[in-house]
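Printed here is upload_19.cif (mmCIF, C-alpha atoms and all ligand atoms):
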```
data_input
loop_
_atom_site.label_atom_id
_atom_site.label_comp_id
_atom_site.auth_asym_id
_atom_site.auth_seq_id
_atom_site.Cartn_x
_atom_site.Cartn_y
_atom_site.Cartn_z
CA MET A 4 8.59 -0.80 -7.56
CA GLY A 5 8.14 2.37 -5.62
CA ARG A 6 9.02 3.86 -2.30
CA LEU A 7 6.74 2.47 0.36
CA LEU A 8 7.89 4.16 3.54
CA GLU A 9 10.11 7.17 3.95
CA VAL A 10 11.10 8.49 7.35
CA LYS A 11 12.66 11.93 7.37
CA ASP A 12 14.57 13.56 10.21
CA LEU A 13 12.64 11.69 12.89
CA ARG A 14 13.20 12.85 16.47
CA THR A 15 11.85 11.09 19.53
CA GLN A 16 12.74 12.02 23.09
CA PHE A 17 12.05 10.84 26.62
CA LYS A 18 11.81 13.20 29.56
CA THR A 19 13.57 11.57 32.51
CA ASP A 20 14.85 12.70 35.91
CA ASP A 21 18.35 12.79 34.44
CA GLY A 22 17.33 15.00 31.55
CA ILE A 23 16.05 14.58 28.03
CA VAL A 24 17.01 11.32 26.35
CA LYS A 25 17.40 11.94 22.63
CA ALA A 26 16.62 8.35 21.71
CA VAL A 27 16.05 9.06 18.01
CA ASP A 28 17.90 12.14 16.87
CA GLY A 29 17.30 13.01 13.23
CA VAL A 30 16.88 9.57 11.69
CA SER A 31 16.06 9.26 7.98
CA PHE A 32 15.55 6.00 6.13
CA TYR A 33 13.32 4.44 3.53
CA ILE A 34 12.11 1.07 2.34
CA ASP A 35 10.83 0.17 -1.11
CA GLU A 36 8.13 -2.32 -2.00
CA GLN A 37 9.23 -5.92 -1.51
CA GLU A 38 12.56 -4.86 -0.10
CA ILE A 39 14.35 -6.26 2.96
CA VAL A 40 16.40 -3.81 5.01
CA GLY A 41 18.37 -4.26 8.21
CA VAL A 42 18.63 -1.73 11.06
CA VAL A 43 21.65 -2.61 13.15
CA GLY A 44 23.36 -1.25 16.24
CA GLU A 45 24.26 -1.96 19.86
CA SER A 46 21.72 -2.03 22.65
CA GLY A 47 20.22 1.36 23.45
CA CYS A 48 21.08 3.08 20.15
CA GLY A 49 17.43 3.80 19.29
CA LYS A 50 16.48 0.98 16.93
CA SER A 51 13.23 0.02 18.66
CA VAL A 52 12.19 3.57 19.46
CA THR A 53 12.61 4.44 15.76
CA GLN A 54 10.27 1.65 14.67
CA LEU A 55 7.81 2.30 17.51
CA SER A 56 7.70 5.93 16.39
CA VAL A 57 6.78 4.84 12.85
CA MET A 58 3.82 3.00 14.38
CA GLN A 59 3.07 5.91 16.76
CA LEU A 60 3.49 3.57 19.69
CA ILE A 61 5.42 6.06 21.81
CA ASN A 62 3.82 6.96 25.10
CA ARG A 63 4.75 9.31 27.92
CA PRO A 64 7.39 10.14 29.03
CA GLY A 65 8.28 9.73 25.37
CA LYS A 66 7.30 12.08 22.57
CA ILE A 67 7.89 12.31 18.84
CA VAL A 68 9.15 15.88 18.55
CA GLY A 69 9.88 16.12 14.85
CA GLY A 70 10.09 14.54 11.45
CA ASP A 71 7.89 12.93 8.83
CA VAL A 72 6.79 9.33 8.38
CA ILE A 73 5.53 9.09 4.82
CA PHE A 74 3.72 5.83 4.14
CA GLU A 75 2.00 5.29 0.80
CA GLY A 76 2.25 9.04 0.22
CA LYS A 77 0.65 10.11 3.54
CA ASN A 78 2.41 11.53 6.60
CA LEU A 79 1.43 9.19 9.43
CA LEU A 80 2.54 11.73 12.04
CA GLU A 81 -0.38 13.93 11.01
CA TYR A 82 -2.77 11.25 12.22
CA GLU A 83 -3.98 11.04 15.83
CA GLN A 84 -2.11 8.38 17.79
CA HIS A 85 -5.34 6.60 18.74
CA GLY A 86 -7.39 7.68 15.74
CA PRO A 87 -8.98 5.36 13.17
CA GLU A 88 -6.23 5.84 10.55
CA MET A 89 -3.42 4.67 12.85
CA ARG A 90 -5.55 1.84 14.20
CA SER A 91 -6.09 0.52 10.73
CA ILE A 92 -2.40 0.85 9.88
CA ARG A 93 -1.10 -0.84 13.04
CA GLY A 94 -1.32 -4.57 12.60
CA GLY A 95 -3.02 -4.07 9.26
CA LYS A 96 -0.76 -2.34 6.73
CA ILE A 97 2.27 -2.26 9.00
CA ALA A 98 2.80 -5.14 11.43
CA MET A 99 5.48 -5.25 14.09
CA ILE A 100 6.60 -8.38 15.83
CA PHE A 101 8.74 -8.49 18.89
CA GLN A 102 10.69 -11.68 18.88
CA GLU A 103 10.03 -12.02 22.59
CA PRO A 104 6.95 -14.19 22.03
CA MET A 105 5.36 -13.73 25.42
CA THR A 106 5.21 -9.95 24.97
CA SER A 107 3.33 -10.26 21.68
CA LEU A 108 1.02 -13.20 22.36
CA ASN A 109 -1.90 -12.98 24.72
CA PRO A 110 -1.63 -15.92 27.16
CA VAL A 111 -5.37 -16.12 27.87
CA LEU A 112 -6.51 -16.37 24.25
CA THR A 113 -6.21 -19.32 21.88
CA LEU A 114 -4.38 -18.78 18.62
CA ASN A 115 -7.68 -18.81 16.77
CA GLN A 116 -9.05 -16.08 19.01
CA GLN A 117 -5.97 -13.89 18.57
CA ILE A 118 -5.52 -14.31 14.84
CA SER A 119 -9.24 -14.21 14.04
CA GLU A 120 -9.68 -11.02 15.99
CA MET A 121 -7.18 -9.27 13.72
CA LEU A 122 -8.67 -10.72 10.57
CA MET A 123 -12.18 -9.70 11.53
CA LEU A 124 -11.04 -6.21 12.54
CA HIS A 125 -8.72 -5.38 9.65
CA LEU A 126 -10.00 -7.54 6.79
CA LYS A 127 -13.66 -7.65 7.88
CA MET A 128 -13.75 -11.44 7.63
CA SER A 129 -16.54 -13.49 9.13
CA LYS A 130 -15.76 -15.75 12.07
CA GLU A 131 -15.71 -18.83 9.85
CA GLU A 132 -13.52 -17.25 7.19
CA ALA A 133 -11.13 -16.00 9.84
CA ARG A 134 -10.76 -19.42 11.44
CA LYS A 135 -10.07 -21.01 8.09
CA ARG A 136 -7.46 -18.37 7.32
CA ALA A 137 -5.86 -18.74 10.78
CA ILE A 138 -5.40 -22.46 10.11
CA GLU A 139 -3.88 -21.71 6.70
CA LEU A 140 -1.47 -19.20 8.20
CA LEU A 141 -0.32 -21.63 10.89
CA GLY A 142 0.30 -24.18 8.16
CA LEU A 143 2.33 -21.65 6.16
CA VAL A 144 4.71 -21.02 9.06
CA GLY A 145 5.23 -24.74 9.59
CA ILE A 146 3.02 -25.60 12.58
CA PRO A 147 2.14 -29.32 12.27
CA SER A 148 -1.60 -30.24 12.33
CA PRO A 149 -2.71 -26.60 12.35
CA GLU A 150 -6.41 -27.47 12.33
CA GLU A 151 -5.95 -29.01 15.81
CA ARG A 152 -3.36 -26.57 17.17
CA VAL A 153 -5.41 -23.48 16.29
CA ASP A 154 -7.45 -23.92 19.47
CA ASP A 155 -4.38 -24.19 21.73
CA TYR A 156 -3.03 -21.44 23.97
CA PRO A 157 0.44 -19.91 23.47
CA HIS A 158 1.94 -21.76 26.45
CA GLN A 159 1.13 -25.07 24.78
CA PHE A 160 3.80 -24.37 22.16
CA SER A 161 7.55 -24.71 22.47
CA GLY A 162 9.63 -21.53 22.24
CA GLY A 163 10.52 -22.03 18.59
CA MET A 164 6.93 -22.83 17.61
CA ARG A 165 5.72 -19.74 19.46
CA GLN A 166 7.99 -17.64 17.35
CA ARG A 167 6.50 -19.17 14.25
CA VAL A 168 3.04 -18.36 15.59
CA MET A 169 4.08 -14.72 15.99
CA ILE A 170 5.23 -14.59 12.42
CA ALA A 171 1.85 -16.02 11.36
CA MET A 172 0.11 -13.32 13.38
CA GLY A 173 2.33 -10.59 11.97
CA MET A 174 1.55 -11.68 8.41
CA SER A 175 -2.14 -12.40 9.05
CA CYS A 176 -3.51 -9.19 7.54
CA ASN A 177 -1.11 -9.25 4.59
CA PRO A 178 0.83 -6.18 5.74
CA LYS A 179 2.79 -4.02 3.32
CA ILE A 180 5.59 -3.93 5.88
CA LEU A 181 6.60 -6.41 8.55
CA ILE A 182 8.90 -4.96 11.21
CA ALA A 183 10.75 -7.67 13.13
CA ASP A 184 12.38 -6.39 16.31
CA GLU A 185 14.77 -8.77 17.99
CA PRO A 186 15.26 -9.02 21.71
CA THR A 187 18.60 -8.08 23.24
CA THR A 188 18.76 -11.43 24.96
CA ALA A 189 20.35 -13.13 22.01
CA LEU A 190 18.72 -16.16 20.55
CA ASP A 191 21.38 -18.51 19.29
CA VAL A 192 22.53 -17.61 15.83
CA THR A 193 21.05 -20.73 14.22
CA THR A 194 17.54 -20.19 15.63
CA GLN A 195 17.74 -16.55 14.64
CA ALA A 196 18.69 -17.57 11.11
CA GLN A 197 15.82 -20.06 10.84
CA LEU A 198 13.30 -17.42 11.89
CA LEU A 199 14.73 -14.91 9.45
CA GLU A 200 14.59 -17.54 6.73
CA LEU A 201 10.91 -18.08 7.50
CA MET A 202 10.17 -14.36 7.57
CA LYS A 203 11.95 -13.90 4.26
CA SER A 204 9.92 -16.62 2.61
CA MET A 205 6.69 -15.25 4.09
CA VAL A 206 7.30 -11.68 2.90
CA GLU A 207 8.23 -12.99 -0.53
CA GLN A 208 4.98 -14.96 -0.77
CA PHE A 209 2.94 -12.01 0.47
CA LYS A 210 4.92 -9.45 -1.58
CA SER A 211 5.56 -7.44 1.58
CA SER A 212 8.64 -5.53 2.71
CA LEU A 213 10.64 -6.49 5.79
CA ILE A 214 12.57 -4.38 8.28
CA ILE A 215 14.92 -6.52 10.37
CA VAL A 216 15.99 -4.82 13.60
CA THR A 217 18.96 -6.50 15.24
CA HIS A 218 22.22 -5.96 17.08
CA ASN A 219 23.84 -8.70 15.01
CA LEU A 220 25.20 -7.41 11.74
CA GLY A 221 26.35 -10.92 10.85
CA VAL A 222 22.83 -12.29 10.84
CA VAL A 223 21.29 -9.79 8.45
CA ALA A 224 24.05 -10.28 5.89
CA ARG A 225 22.28 -12.88 3.82
CA TYR A 226 18.78 -11.43 4.03
CA ALA A 227 18.92 -7.65 3.71
CA GLN A 228 19.43 -5.77 0.47
CA ARG A 229 20.31 -2.58 2.31
CA ILE A 230 21.50 -1.83 5.83
CA TYR A 231 21.28 1.12 8.19
CA ILE A 232 23.81 1.25 11.03
CA MET A 233 22.66 3.22 14.08
CA TYR A 234 24.72 4.70 16.88
CA ALA A 235 23.49 6.90 19.72
CA GLY A 236 20.18 7.82 18.10
CA LYS A 237 21.58 8.50 14.64
CA ILE A 238 22.24 6.64 11.41
CA VAL A 239 26.02 6.55 10.99
CA GLU A 240 26.33 4.40 7.86
CA GLU A 241 23.91 3.22 5.21
CA GLY A 242 24.21 1.40 1.95
CA ARG A 243 23.77 -1.83 0.06
CA CYS A 244 24.48 -4.90 2.11
CA LYS A 245 27.32 -5.98 -0.16
CA ASP A 246 29.06 -2.61 0.12
CA ILE A 247 28.72 -2.49 3.91
CA PHE A 248 30.23 -5.96 4.24
CA LYS A 249 32.96 -5.68 1.62
CA ASN A 250 33.75 -2.08 2.16
CA PRO A 251 32.61 -0.72 5.56
CA ARG A 252 33.51 2.97 5.80
CA HIS A 253 32.56 3.99 9.36
CA PRO A 254 34.81 2.87 12.24
CA TYR A 255 31.74 1.80 14.22
CA THR A 256 30.64 -0.53 11.41
CA VAL A 257 34.10 -2.10 11.39
CA GLY A 258 33.77 -2.58 15.15
CA LEU A 259 30.37 -4.24 14.71
CA LEU A 260 31.67 -6.52 11.98
CA ASN A 261 34.53 -7.65 14.18
CA SER A 262 32.42 -8.14 17.29
CA VAL A 263 29.48 -10.28 16.16
CA PRO A 264 29.34 -13.95 15.20
CA ARG A 265 28.80 -14.63 11.51
CA LEU A 266 26.86 -17.49 10.03
CA ASP A 267 29.50 -18.16 7.42
CA VAL A 268 32.62 -18.18 9.59
CA GLU A 269 33.36 -20.91 12.11
CA GLY A 270 35.64 -20.62 15.11
CA GLU A 271 36.22 -16.95 14.46
CA ARG A 272 37.76 -14.58 16.98
CA LEU A 273 35.34 -11.93 18.18
CA ILE A 274 36.80 -8.55 19.07
CA PRO A 275 34.41 -6.42 21.14
CA ILE A 276 34.21 -2.67 20.61
CA GLU A 277 35.89 -1.09 23.61
CA GLY A 278 34.02 1.34 25.83
CA LEU A 279 30.32 2.07 26.06
CA PRO A 280 27.84 4.10 24.02
CA PRO A 281 27.38 7.65 25.33
CA ASN A 282 24.73 8.76 27.78
CA LEU A 283 21.92 9.99 25.55
CA THR A 284 21.05 12.81 27.95
CA GLN A 285 24.50 14.35 27.63
CA MET A 286 25.50 14.15 24.03
CA PRO A 287 28.77 15.85 23.14
CA PRO A 288 28.76 18.35 20.26
CA THR A 289 31.42 16.23 18.56
CA CYS A 290 30.98 12.81 16.95
CA ALA A 291 29.24 10.51 19.42
CA PHE A 292 31.62 7.65 18.58
CA LEU A 293 34.76 9.75 19.19
CA PRO A 294 35.61 8.38 22.68
CA ARG A 295 35.62 4.81 21.33
CA CYS A 296 37.10 5.45 17.92
CA PRO A 297 40.59 4.09 17.21
CA TYR A 298 40.88 6.19 14.06
CA ALA A 299 39.89 9.63 15.38
CA THR A 300 41.83 12.61 14.06
CA GLU A 301 42.28 16.21 15.17
CA GLN A 302 39.31 17.14 12.98
CA CYS A 303 37.09 14.65 14.83
CA ARG A 304 38.11 16.12 18.18
CA THR A 305 37.43 19.73 17.23
CA GLN A 306 34.59 19.69 14.69
CA PRO A 307 30.87 19.16 15.33
CA MET A 308 29.17 15.80 14.68
CA PRO A 309 29.63 15.26 10.94
CA GLU A 310 26.68 15.18 8.54
CA MET A 311 26.05 12.15 6.34
CA ARG A 312 28.16 12.20 3.18
CA SER A 313 28.26 10.00 0.11
CA VAL A 314 31.12 7.62 -0.53
CA GLU A 315 31.76 5.17 -3.34
CA GLY A 316 28.90 2.69 -3.90
CA GLU A 317 25.23 3.28 -4.73
CA GLY A 318 23.48 5.03 -1.83
CA HIS A 319 26.48 4.38 0.40
CA ARG A 320 26.80 7.18 2.97
CA ILE A 321 28.64 7.70 6.24
CA ARG A 322 28.58 10.13 9.13
CA CYS A 323 32.34 10.31 9.57
CA TYR A 324 35.25 12.62 8.78
CA VAL A 325 37.72 9.77 8.49
CA ASP A 326 36.46 7.12 6.01
CA ILE A 327 37.99 3.75 6.81
CA ALA A 328 38.76 3.14 3.14
CA GLU A 329 41.48 5.79 3.40
CA VAL A 330 43.07 4.42 6.59
CA ASP A 331 45.90 1.86 6.53
CA ASN A 332 46.14 -1.21 8.77
CA VAL A 333 42.44 -1.69 9.44
CA THR A 334 41.44 -5.24 10.31
CA VAL A 335 38.08 -6.18 8.86
CA LYS A 336 37.03 -9.78 9.08
N1 LIG B 401 10.24 4.59 28.27
C1 LIG B 401 11.48 5.08 28.22
N2 LIG B 401 11.89 6.02 29.12
C2 LIG B 401 13.12 6.55 29.07
N3 LIG B 401 14.05 6.21 28.17
C3 LIG B 401 13.71 5.29 27.25
C4 LIG B 401 12.42 4.68 27.23
N4 LIG B 401 12.39 3.80 26.19
C5 LIG B 401 13.61 3.87 25.62
N5 LIG B 401 14.39 4.76 26.24
C6 LIG B 401 15.78 5.10 25.90
O1 LIG B 401 15.88 5.33 24.52
C7 LIG B 401 17.11 4.86 24.02
C8 LIG B 401 16.88 3.98 22.82
O2 LIG B 401 16.20 2.80 23.22
P1 LIG B 401 15.82 1.64 22.21
O3 LIG B 401 14.92 0.74 22.96
O4 LIG B 401 15.33 2.21 20.95
O5 LIG B 401 17.21 0.94 21.96
P2 LIG B 401 17.50 -0.32 21.02
O6 LIG B 401 18.50 0.12 20.02
O7 LIG B 401 16.24 -0.90 20.55
O8 LIG B 401 18.24 -1.33 22.04
P3 LIG B 401 18.10 -2.92 22.19
O9 LIG B 401 19.07 -3.50 21.20
O10 LIG B 401 18.56 -3.15 23.59
O11 LIG B 401 16.70 -3.32 21.96
C9 LIG B 401 17.79 4.11 25.16
O12 LIG B 401 18.78 4.94 25.70
C10 LIG B 401 16.69 3.92 26.17
O13 LIG B 401 17.19 3.96 27.48
MG MG B 402 15.26 -2.70 20.89
#
```
Can you dump the structure from the file as C-alpha cells?
Amino acid sequence: MGRLLEVKDLRTQFKTDDGIVKAVDGVSFYIDEQEIVGVVGESGCGKSVTQLSVMQLINRPGKIVGGDVIFEGKNLLEYEQHGPEMRSIRGGKIAMIFQEPMTSLNPVLTLNQQISEMLMLHLKMSKEEARKRAIELLGLVGIPSPEERVDDYPHQFSGGMRQRVMIAMGMSCNPKILIADEPTTALDVTTQAQLLELMKSMVEQFKSSLIIVTHNLGVVARYAQRIYIMYAGKIVEEGRCKDIFKNPRHPYTVGLLNSVPRLDVEGERLIPIEGLPPNLTQMPPTCAFLPRCPYATEQCRTQPMPEMRSVEGEGHRIRCYVDIAEVDNVTVK
C-alpha cells in the first residue's frame, strides 16, 4: 500500500502585534494508505495548525509560507484555497473532525440535512439516496433507531452521541483520510478511548487512513502504528509506536510519557514537565526544549537547533543531540 499524503517542510505563520508566530516551522510527515498515525504534543505546539494547513483552512492573519502537501501525487498547495479542487478535497477525500461537537455540527440543521448536503455535493447522490445513506451511517456509529433520529437536531443528542454523529459525518463521503483533532479541554480518558475505538473500526471498514491529533500520548498508544511528537512548531521525534513507547529517545517524549494518564496503568503517578513551551514569536537559535530539558549538555547550550537524525529502530528519528538511550538514570514509566 502506497504513500497517501506526504507533507514536506511545511511552514505556517501568523502575523500578530507581538511579532510573527512560527506556528508550524518546517514540519514533514507522511501517512500511508490504511495507516493510523498519532500527532502528539502539548497545547500550542502547532498540531492543529499543521492539519488545518493540509486542508488549506488557514486564514488571515495566518499564512502558509512554505512547503509541499502531496496528496495522491498532487501538491495541494498549488491549488487555490477556495478553488474547486480544494473544495472537493475538503470533506470529500480528506475529512477533519474537531472533537468539540458544537463547532462541527450546525445547530439549525437536522442530521439528515447536514449529512445529505455533503453526500449530494461530494458523491452526487440524489436526496433519497443521501437520506438512506445518512441513516446507514448513523447506524454504523451506534446511534439507536437511526431512521427516527436522522431528523433530529444536534442539541437533541447527548454529548457522547453527538461525537458519534460527528464521526458519521466525517466518514460520510468515504474519505481517504480522516483527521481527528481533539480539544484541549480533556475528555475523560475512557470516553476518549471509546471514540478512538469507534474511529478505528470505521476507518478499517472504509479502508481509510486516520490521523489522531492529541496531547495525550497515552491514549494513542493502542491505536497508532506510528507517532510524531511535536514541540514548538517542529517534529522532535518520530517512529513506530512500539519504539516510541519502549525506547523514547527525545527528553520531551520522556516528559510526555511521564506526564499523561495511560489506559493500561492504574493509580500511576503523573510527573508534569516543568516550565512552559517557548514563545513562538521569539524562538531561540538553540534547541527550543533546552530551558526545560533535564539532560541538556554544553553542546545543546551552544549549538543551533539540531536537525532530525536517525536512531535505532525503523524510521525512528529525533531532533536532539543527547539521545536518552545513552543517558543513565532516566525514569520512563
Ligand atoms: N489565528 C491565530 N492567530 C495567531 N496565532 C495563532 C492563531 N491560531 C493559532 N495560533 C498560534 O499558533 C500556535 C499553534 O497553535 P495550534 O492551535 O496549532 O496548537 P495545538 O498544538 O493544536 O494546541 P492545542 O493542543 O491547544 O489544540 C499557537 O502558539 C497559537 O497561539
Ligand atoms: Mg489544537
Quiz prompt | Spatial neighbours of range 69-80 of chain A, 8 Å, only C-alpha atoms, chain gap at least 6 places, as a ChimeraX atom specification | solution = /A:6-15,29,57,59,89
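When all atoms listed in the file are used to compute distances to ligand LIG 401 (chain B), the closest of the residues A:Glu301, A:Glu38, A:Asp184, A:Glu310 turns out to be A:Asp184.
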Exercise. To one decimal in Å, tell me the separation between CA of Ile67 in chain A and CA of Ile100 in chain A.
Key: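 Going from CA of Ile67 in chain A over to CA of Ile100 in chain A covers 20.9 Å.
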Quiz item: With all atoms listed in the file as the basis for distance, which of A:Ile118, A:Met164, A:Leu199, A:Ile182 is at the shortest distance from Thr53 in chain A?
Solution: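 The shortest atom-to-atom distance to Thr53 in chain A comes from A:Ile182.
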Self-check item: Shell of 10 Å around ligand MG 402 (chain B) (only C-alpha atoms and all ligand atoms), written as a list in words
Solution: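 After applying the 10 Å limit, what remains is Gly44, Glu45, Ser46, Gly47, Cys48, Gly49, Lys50, Ser51, Val52, Thr53, Gln54, Leu55, Phe101, Asp184, Glu185, Pro186, Thr187, Val216, Thr217 and His218 of chain A.
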Practice problem: Could you check which of A:Val330, A:Ala235, A:Val111, A:Ile138 is closest to ligand LIG 401 (chain B), using all atoms listed in the file? | Solution: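 So, comparing all the options, the nearest one is A:Ala235.
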Exercise. Name the residues in contact with Lys130 in chain A at a cut-off of 12 Å, using only C-alpha atoms, excluding same-chain residues fewer than 6 positions from it; report them as a VMD selection string.
Key: chain A and resid 115 to 124 136 to 137
Quiz prompt | CA of Lys179 in chain A to CA of Val42 in chain A, distance in Å rounded to a single decimal | solution = 17.8 Å
Practice problem: Determine, counting all atoms listed in the file, which protein, DNA and RNA residues have an atom within 12 Å of an atom of range 269-285 of chain A; residues of the same chain fewer than 3 positions away are not included. Present the result as a PyMOL selection string. | Solution: chain A and resi 15-28+44-49+192+221+233-237+254-266+288-297+334-336
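Within the 7 Å cut-off around Arg243 in chain A, using all atoms listed in the file and omitting residues fewer than 5 positions from it on the same chain, the listed residues are Gln228, Arg229, Ile230 and His319 of chain A.
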Practice problem: Please measure the separation of CA of Met58 in chain A and CA of Gly145 in chain A, giving the value in Å to one decimal. | Solution: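 Rounded to one decimal, the two atoms are 28.2 Å apart.
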Quiz prompt | Shell of 10 Å around Lys203 in chain A, only C-alpha atoms, local chain residues under 3 positions omitted, as a list in words | solution =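 Counting only the stated atoms, we get Ile39, Gln197, Leu198, Leu199, Glu200, Val206, Glu207, Gln208, Phe209, Ser211, Ser212, Leu213, Tyr226 and Ala227 of chain A.
Minimum distance to ligand LIG 401 (chain B) across A:Gln84, A:Asn62, A:Thr194, A:Gln37 (counting all atoms listed in the file) occurs at A:Asn62.
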Practice problem: Select all residues near (-7.6, -21.0, 22.7) (cut-off 8 Å, inclusive, file coordinates), counting only C-alpha atoms, and output them as a list in words. | Solution: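 Collected hits near the coordinates: Val111, Leu112, Thr113, Leu114, Asn115, Gln116, Val153, Asp154, Asp155 and Tyr156 of chain A.
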Quiz prompt | Residue among A:Met174, A:Leu126, A:Leu220, A:Ile247 lying closest to ligand LIG 401 (chain B), counting only C-alpha atoms and all ligand atoms | solution =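 The answer is A:Leu220, which sits nearest to ligand LIG 401 (chain B).
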Quiz item: Of the candidates A:Gln306, A:Asn332, A:Gln195, A:Asn219, which shows the shortest atom-to-atom distance to ligand LIG 401 (chain B), using only C-alpha atoms and all ligand atoms?
Solution: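 For ligand LIG 401 (chain B), the nearest of the candidates is A:Asn219.
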With C-alpha atoms as the atom set, please write range 80-143 of chain A from the structure just given, as a PDB file, in the first residue's frame.
```
ATOM      1  CA  LEU A  80      -0.656  23.943  -2.032  1.00  0.00           C
ATOM      2  CA  GLU A  81      -0.686  24.675  -5.759  1.00  0.00           C
ATOM      3  CA  TYR A  82      -4.473  24.764  -5.675  1.00  0.00           C
ATOM      4  CA  GLU A  83      -6.440  27.935  -4.862  1.00  0.00           C
ATOM      5  CA  GLN A  84      -7.688  27.942  -1.272  1.00  0.00           C
ATOM      6  CA  HIS A  85     -11.295  28.410  -2.379  1.00  0.00           C
ATOM      7  CA  GLY A  86     -10.992  26.760  -5.772  1.00  0.00           C
ATOM      8  CA  PRO A  87     -12.919  23.694  -6.942  1.00  0.00           C
ATOM      9  CA  GLU A  88     -10.057  21.234  -6.293  1.00  0.00           C
ATOM     10  CA  MET A  89      -9.733  22.119  -2.598  1.00  0.00           C
ATOM     11  CA  ARG A  90     -13.498  22.216  -2.179  1.00  0.00           C
ATOM     12  CA  SER A  91     -13.784  18.701  -3.475  1.00  0.00           C
ATOM     13  CA  ILE A  92     -10.932  17.506  -1.263  1.00  0.00           C
ATOM     14  CA  ARG A  93     -12.200  19.121   1.948  1.00  0.00           C
ATOM     15  CA  GLY A  94     -14.855  16.918   3.450  1.00  0.00           C
ATOM     16  CA  GLY A  95     -14.634  14.627   0.445  1.00  0.00           C
ATOM     17  CA  LYS A  96     -11.234  12.960   0.147  1.00  0.00           C
ATOM     18  CA  ILE A  97      -9.874  14.402   3.379  1.00  0.00           C
ATOM     19  CA  ALA A  98     -12.268  14.933   6.279  1.00  0.00           C
ATOM     20  CA  MET A  99     -11.387  16.677   9.518  1.00  0.00           C
ATOM     21  CA  ILE A 100     -13.384  16.388  12.680  1.00  0.00           C
ATOM     22  CA  PHE A 101     -12.959  18.563  15.689  1.00  0.00           C
ATOM     23  CA  GLN A 102     -13.965  16.624  18.723  1.00  0.00           C
ATOM     24  CA  GLU A 103     -15.697  19.710  20.053  1.00  0.00           C
ATOM     25  CA  PRO A 104     -19.060  18.682  18.582  1.00  0.00           C
ATOM     26  CA  MET A 105     -20.732  22.062  18.670  1.00  0.00           C
ATOM     27  CA  THR A 106     -18.023  23.603  16.485  1.00  0.00           C
ATOM     28  CA  SER A 107     -18.506  20.978  13.776  1.00  0.00           C
ATOM     29  CA  LEU A 108     -22.272  20.474  13.818  1.00  0.00           C
ATOM     30  CA  ASN A 109     -24.671  23.094  12.583  1.00  0.00           C
ATOM     31  CA  PRO A 110     -27.289  23.648  15.332  1.00  0.00           C
ATOM     32  CA  VAL A 111     -30.045  24.790  12.963  1.00  0.00           C
ATOM     33  CA  LEU A 112     -29.919  21.791  10.625  1.00  0.00           C
ATOM     34  CA  THR A 113     -31.129  18.246  11.259  1.00  0.00           C
ATOM     35  CA  LEU A 114     -28.630  15.437  10.905  1.00  0.00           C
ATOM     36  CA  ASN A 115     -30.240  14.423   7.642  1.00  0.00           C
ATOM     37  CA  GLN A 116     -29.837  17.927   6.255  1.00  0.00           C
ATOM     38  CA  GLN A 117     -26.175  18.118   7.266  1.00  0.00           C
ATOM     39  CA  ILE A 118     -25.109  14.673   6.154  1.00  0.00           C
ATOM     40  CA  SER A 119     -27.208  14.675   2.983  1.00  0.00           C
ATOM     41  CA  GLU A 120     -25.788  18.005   1.927  1.00  0.00           C
ATOM     42  CA  MET A 121     -22.283  16.526   1.912  1.00  0.00           C
ATOM     43  CA  LEU A 122     -23.368  13.377   0.127  1.00  0.00           C
ATOM     44  CA  MET A 123     -25.188  15.311  -2.569  1.00  0.00           C
ATOM     45  CA  LEU A 124     -22.261  17.717  -3.008  1.00  0.00           C
ATOM     46  CA  HIS A 125     -19.352  15.283  -2.981  1.00  0.00           C
ATOM     47  CA  LEU A 126     -20.884  11.999  -4.132  1.00  0.00           C
ATOM     48  CA  LYS A 127     -23.633  13.497  -6.313  1.00  0.00           C
ATOM     49  CA  MET A 128     -26.301  11.404  -4.607  1.00  0.00           C
ATOM     50  CA  SER A 129     -29.988  12.127  -5.000  1.00  0.00           C
ATOM     51  CA  LYS A 130     -31.928  13.358  -1.988  1.00  0.00           C
ATOM     52  CA  GLU A 131     -33.449   9.926  -1.409  1.00  0.00           C
ATOM     53  CA  GLU A 132     -30.149   8.074  -1.744  1.00  0.00           C
ATOM     54  CA  ALA A 133     -28.488  10.543   0.595  1.00  0.00           C
ATOM     55  CA  ARG A 134     -31.128  10.125   3.280  1.00  0.00           C
ATOM     56  CA  LYS A 135     -30.852   6.368   3.101  1.00  0.00           C
ATOM     57  CA  ARG A 136     -27.073   6.586   3.386  1.00  0.00           C
ATOM     58  CA  ALA A 137     -27.306   9.065   6.302  1.00  0.00           C
ATOM     59  CA  ILE A 138     -29.445   6.549   8.195  1.00  0.00           C
ATOM     60  CA  GLU A 139     -26.960   3.777   7.442  1.00  0.00           C
ATOM     61  CA  LEU A 140     -24.057   5.889   8.652  1.00  0.00           C
ATOM     62  CA  LEU A 141     -25.807   6.759  11.917  1.00  0.00           C
ATOM     63  CA  GLY A 142     -26.438   3.059  12.433  1.00  0.00           C
ATOM     64  CA  LEU A 143     -22.763   2.273  11.796  1.00  0.00           C
TER      65      LEU A 143
END
```
